[in-house]
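Q: I'd like to ask some things about the structure below.
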Amino acid sequence: MQPTTLQGLIEDAAPIPARIAASEMYKALANVGAVVFTILLATATAPAQGAVHAAALDITHDKPFVMVMVNGKGPFRFVIDTGTGGEAFITRELADQLGLSAAGQVHLYDPSGQGGQKVPMVVLQSLRVAGVEFAGVKAVVHNLSGGEGGYQGLLGFLLFRDYLLTLDFPNRRMQLSSGELAPDGGTSVLPFRMPDGIPVVSLAIGETHIDAQIDSGGAGLSLPLKLMAKLKFVAGYNSLSNAQSLSTRFLVKGGTLNSNVRLASYTFKHPFIEMNPAFPLANFGACPMQNFSLTFDQKNHLVRFDGDRHTLHLSPTPEPVRMVNAPATQPPDPTLVPVG
């Protein structure tokens, strides 16, 4: 999934047990005129010191999926999406199956800044993954793409704020553990920012440095179109596909760079990159992430990249880019704003 954030908060909501949220995604609340209730942040089983909780990852079209129990029922198939700045998404079908009633609405938007939409929110009493139980999970109810074989939900980055989250792509393993990462001078551990609850690191493209979102729900390595004038390509670039996000429609272009891309001590030699006019930041998606076991430490804002090789290659994404949050069988939304 392309980076998705939650703005505003509960409107016309039933009271929820009080624990006030302090995350970035709620800071715009005062600007949207919402009726404010105190908000519950998901709480997890306290991690025992040194305990490691693990689950198998199903890698489909390069994206990581895991089996999840919700309110004691399941298991259900969820994608782990570090490009979503929230706790969880579920499909309307799963909400109906579990008999969940809306606890309010959230304003869902993408980084294009072109608009957004209000969608229902529910509270999951219990969500269990990798042997860890999270209580009071806020879940957005929304359509999810079926292009990866069908799934019932999505686990966002903020759900794992109290744990070290490891996504080991080569060994197809997810891990939750206690502890913290330590800086190593940028060899494998990088600092990240968390605007809107999404991890953002620095990428070097030749001599140009750019912020990039680490997005396990994304596709390849995507760069903003505004960089095109600074880039050189091996044999030019081509139009790849029409795409859409929550708010916009746009044309994706792509080509093989004539320069290298560096991340920590790892180098992608002349990678294939995608360019789009909709988003202001680069996006390091699931395809380049296949080379690494990544560990995220949200408390210290650090991420570690562990890979067997330090010189890497990145081919075109295996399927057309689909930056869409709805089934492909639905007609295009006429309210989307064309960009570019």
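Going through the structure tokens in order, the chains are called A, B, and so on, while each chain numbers its residues from 1 and the ligands are numbered from 1 in the order shown.
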What parts of range 35-157 of chain A does DSSP call strand (DSSP E or B)? I'd like the answer as number ranges by chain.
A: A: 43-44, 52-56, 58-60, 63-70, 73-81, 84-85, 88-90, 104-109, 117-129, 132-141, 153-156
Q: When you look at range 266-281 of chain A with a cut-off of 9 Å (counting only C-alpha atoms), what residues show up, excluding the ones that are within fewer than 4 positions of it in the same chain? I need them as a PyMOL selection string.
A: chain A and resi 110-114+187-188+200+210-213+220-228+233-234+240+245+248-262+288+305+307+309-317+321+339-340
Q: Can I get the selected residues back with C-alpha atoms, as a PDB file, in the first residue's frame?
A:
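Writing the result to result.pdb gives the following:
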ATOM      1  CA  ASP A 110      -2.390  10.266   1.147  1.00  0.00           C
ATOM      2  CA  PRO A 111       0.761  12.414   0.829  1.00  0.00           C
ATOM      3  CA  SER A 112      -0.386  14.044  -2.443  1.00  0.00           C
ATOM      4  CA  GLY A 113      -2.327  16.591  -0.405  1.00  0.00           C
ATOM      5  CA  GLN A 114      -5.085  16.615  -3.029  1.00  0.00           C
ATOM      6  CA  THR A 187      26.873   1.007   8.401  1.00  0.00           C
ATOM      7  CA  SER A 188      23.620  -0.895   8.837  1.00  0.00           C
ATOM      8  CA  VAL A 200      11.452   7.974   6.596  1.00  0.00           C
ATOM      9  CA  ILE A 210      16.437  12.449  -0.655  1.00  0.00           C
ATOM     10  CA  ASP A 211      14.010  11.325   2.040  1.00  0.00           C
ATOM     11  CA  ALA A 212      12.415   7.928   1.393  1.00  0.00           C
ATOM     12  CA  GLN A 213       9.546   6.169   3.136  1.00  0.00           C
ATOM     13  CA  GLY A 220       9.524  -0.891  -6.176  1.00  0.00           C
ATOM     14  CA  LEU A 221      11.786   2.104  -5.672  1.00  0.00           C
ATOM     15  CA  SER A 222       9.681   5.149  -6.521  1.00  0.00           C
ATOM     16  CA  LEU A 223      10.967   8.716  -6.824  1.00  0.00           C
ATOM     17  CA  PRO A 224       9.050  11.994  -7.114  1.00  0.00           C
ATOM     18  CA  LEU A 225       8.808  13.305 -10.660  1.00  0.00           C
ATOM     19  CA  LYS A 226      10.377  16.615  -9.625  1.00  0.00           C
ATOM     20  CA  LEU A 227      13.740  14.796  -9.476  1.00  0.00           C
ATOM     21  CA  MET A 228      13.666  13.879 -13.164  1.00  0.00           C
ATOM     22  CA  PHE A 233      19.017   7.115 -17.420  1.00  0.00           C
ATOM     23  CA  VAL A 234      20.822   4.301 -19.218  1.00  0.00           C
ATOM     24  CA  LEU A 240       4.605   2.295 -17.255  1.00  0.00           C
ATOM     25  CA  SER A 245      -4.046   6.657  -4.845  1.00  0.00           C
ATOM     26  CA  THR A 248      -5.359  11.271  -7.210  1.00  0.00           C
ATOM     27  CA  ARG A 249      -4.890   9.715 -10.642  1.00  0.00           C
ATOM     28  CA  PHE A 250      -1.461   9.902 -12.275  1.00  0.00           C
ATOM     29  CA  LEU A 251       0.870   8.374 -14.857  1.00  0.00           C
ATOM     30  CA  VAL A 252       3.844   6.359 -13.604  1.00  0.00           C
ATOM     31  CA  LYS A 253       7.059   6.451 -15.620  1.00  0.00           C
ATOM     32  CA  GLY A 254      10.175   4.350 -15.167  1.00  0.00           C
ATOM     33  CA  GLY A 255      13.665   3.536 -16.367  1.00  0.00           C
ATOM     34  CA  THR A 256      17.128   2.279 -15.412  1.00  0.00           C
ATOM     35  CA  LEU A 257      19.252   4.877 -13.637  1.00  0.00           C
ATOM     36  CA  ASN A 258      22.722   5.708 -14.898  1.00  0.00           C
ATOM     37  CA  SER A 259      23.780   6.276 -11.276  1.00  0.00           C
ATOM     38  CA  ASN A 260      23.728   4.155  -8.137  1.00  0.00           C
ATOM     39  CA  VAL A 261      21.437   4.385  -5.122  1.00  0.00           C
ATOM     40  CA  ARG A 262      22.969   4.007  -1.661  1.00  0.00           C
ATOM     41  CA  PRO A 288      14.019  -3.731  -2.792  1.00  0.00           C
ATOM     42  CA  PHE A 305      19.257  -3.381   7.459  1.00  0.00           C
ATOM     43  CA  GLY A 307      21.774  -8.222   4.045  1.00  0.00           C
ATOM     44  CA  ARG A 309      25.419  -8.680  -0.158  1.00  0.00           C
ATOM     45  CA  HIS A 310      26.358  -5.029  -0.192  1.00  0.00           C
ATOM     46  CA  THR A 311      26.111  -4.595  -3.959  1.00  0.00           C
ATOM     47  CA  LEU A 312      22.570  -5.184  -5.167  1.00  0.00           C
ATOM     48  CA  HIS A 313      20.463  -4.987  -8.312  1.00  0.00           C
ATOM     49  CA  LEU A 314      16.870  -3.892  -8.736  1.00  0.00           C
ATOM     50  CA  SER A 315      14.850  -4.965 -11.778  1.00  0.00           C
ATOM     51  CA  PRO A 316      11.436  -3.614 -12.838  1.00  0.00           C
ATOM     52  CA  THR A 317       8.593  -4.533 -10.514  1.00  0.00           C
ATOM     53  CA  VAL A 321       2.205  -0.537 -10.346  1.00  0.00           C
ATOM     54  CA  VAL A 339      -2.002  15.054 -11.163  1.00  0.00           C
ATOM     55  CA  GLY A 340       0.909  15.684 -13.495  1.00  0.00           C
TER      56      GLY A 340
END
Q: I'd like the interatomic distance between CA of Phe160 in chain A and CA of Glu133 in chain A, to a tenth of an Å.
A: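 Answer for the CA of Phe160 in chain A to CA of Glu133 in chain A separation: 11.2 Å.
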Q: Would you mind telling me which residue in A:Leu164, A:Ile90, A:Val123, A:Ala219 lies nearest to Gln298 in chain A when using only C-alpha atoms?
A: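 Counting only C-alpha atoms, the residue closest to Gln298 in chain A is A:Leu164.
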Q: Give the helix (DSSP H, G or I) residues of range 58-195 of chain A, as DSSP finds them on the backbone, and put them as a list in words.
A: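 Output for range 58-195 of chain A, helix (DSSP H, G or I) only: Arg92, Glu93, Leu94, Ala95, Asp96, Gln97, Phe157, Leu158, Leu159, Phe160 and Pro195 of chain A.
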Q: Between CA of Lys299 in chain A and CA of Val68 in chain A, what is the distance, to one decimal in Å?
A: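 Those two atoms sit 24.2 Å apart.
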